[in-house]
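A quick write-up on the structure given underneath.
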Amino acid sequence: MNAIEQESTSLELPAPPPSGISATLRAAWAIFRKDIACELRTRYAINTLLLFAISAATAVSLGVGFLGLRRTEEALLIQSALLWIALLFAALNGLSRSFVYEEEARTLAALRLSASPTAVFLGKFCFNLTLVLALDLVTSVLFIILLRVQVGSPLAFSAMLISGGLALTSATTIIAAIIARASFKGALFAVLAFPLLVAPLIVAIQGTAQSLENVAIEAVFGPIRFLLAYVTVTFTASLILFPFVWEA
């Protein structure tokens with residue numbers, strides 16, 4: 001009996017992930033840096049997002065011409081809708097890779113042992129948000145140049161893009177974790193994400209159309225408040241549900 005106890009105590013079990021807010025934030029930052037380094041090496045998501053953004057902006061400009069020169073209310077809504085449709089489908093094609101890469105590289109087990117679920121979610125969320133904000137910047141610049149879109153209030157326009165990007169990221173990060181082991185990842189990601197994104201997409205289109213007019217930023221406070229409230233709800237729910245998804 002003593003020999004068994006001595007043998008059991010001599011075994012070195014893997015240390016559990018560090019706990020505490022500071023340790024969680026450090027682990028999340030490490031995961032974010034790791035994902036950025038992997039993406040810069042492979043450039044899969046970046047190339048996918050940029051290719052879709054460039055293709056969408058070029059196709060729209062060839063189809064509708066200099067739509068941005070029209071300043072009617074209907075034309076502004078069309079410009080805003082085309083912009084957000086391009087952003088939405090580019091995001092749906094690129095954001096699913098955040099957890100799929102871990103599954104393909106077979107690093108999920110190591111990630112589970114080295115970091116808590118909260119740290120993993122925060123790191124992946126920051127990585128996806130970085131991709132979305134870069135996509136917002138590139139796509140909006142292409143639309144402004146190719147379609148001659150005139151932005152009436154740059155501050156309000158930027159605030160709408162950031163709020164909408166946060167909404168896209170908060171709703172899709174946990175979905176990327178859910179579909180990581182599925183067979184048809186791309187199709188399943190779009191099917192699950194689209195119903196969650198209908199409401200914020202409509203609000204983002206309306207708010208962005210207002211920002212194209214020469215209005216103060218106070219004019220888009222309503223859409224921004226809605227999008228930030230949506231981000232708060234979806235981010236909190238995802239943070240609570242993610243441990244069950246991650247450890248399943």
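Residues are referred to by chain and number: the chain letter is A, B, ... according to the order shown in the structure tokens, the number counts from 1 in that chain, and ligands are numbered separately from 1 in the order shown.
By chain and then residue number, the residues within 8 Å of range 204-209 of chain A are Leu76, Leu77, Gln79, Ser80, Ala81, Trp84, Ala156, Phe157, Met160, Leu161, Gly164, Pro200, Leu201, Ile202, Ser211, Leu212, Glu213, Val220, Pro223, Ile224 and Leu227 of chain A, counting only C-alpha atoms and disregarding those fewer than 2 positions away in sequence.
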Exercise: range 103-107 of chain A partners within 10 Å, only C-alpha atoms, chain neighbours under 5 positions left out, as a VMD selection string: chain A and resid 97 to 98 112 177 180 to 181
Among listed residues A:Leu131, A:Leu113, A:Val100, A:Val231, nearest Phe189 in chain A (using only C-alpha atoms):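 The closest residue to Phe189 in chain A is A:Val100.
Shortest separation to Pro243 in chain A among A:Val203, A:Leu88, A:Leu122, A:Ala37 occurs at residue A:Leu122, atoms counted being only C-alpha atoms.
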Minimum-distance residue to Asn47 in chain A, chosen among A:Leu197, A:Gly94, A:Thr24, A:Ile179 (using only C-alpha atoms): A:Gly94
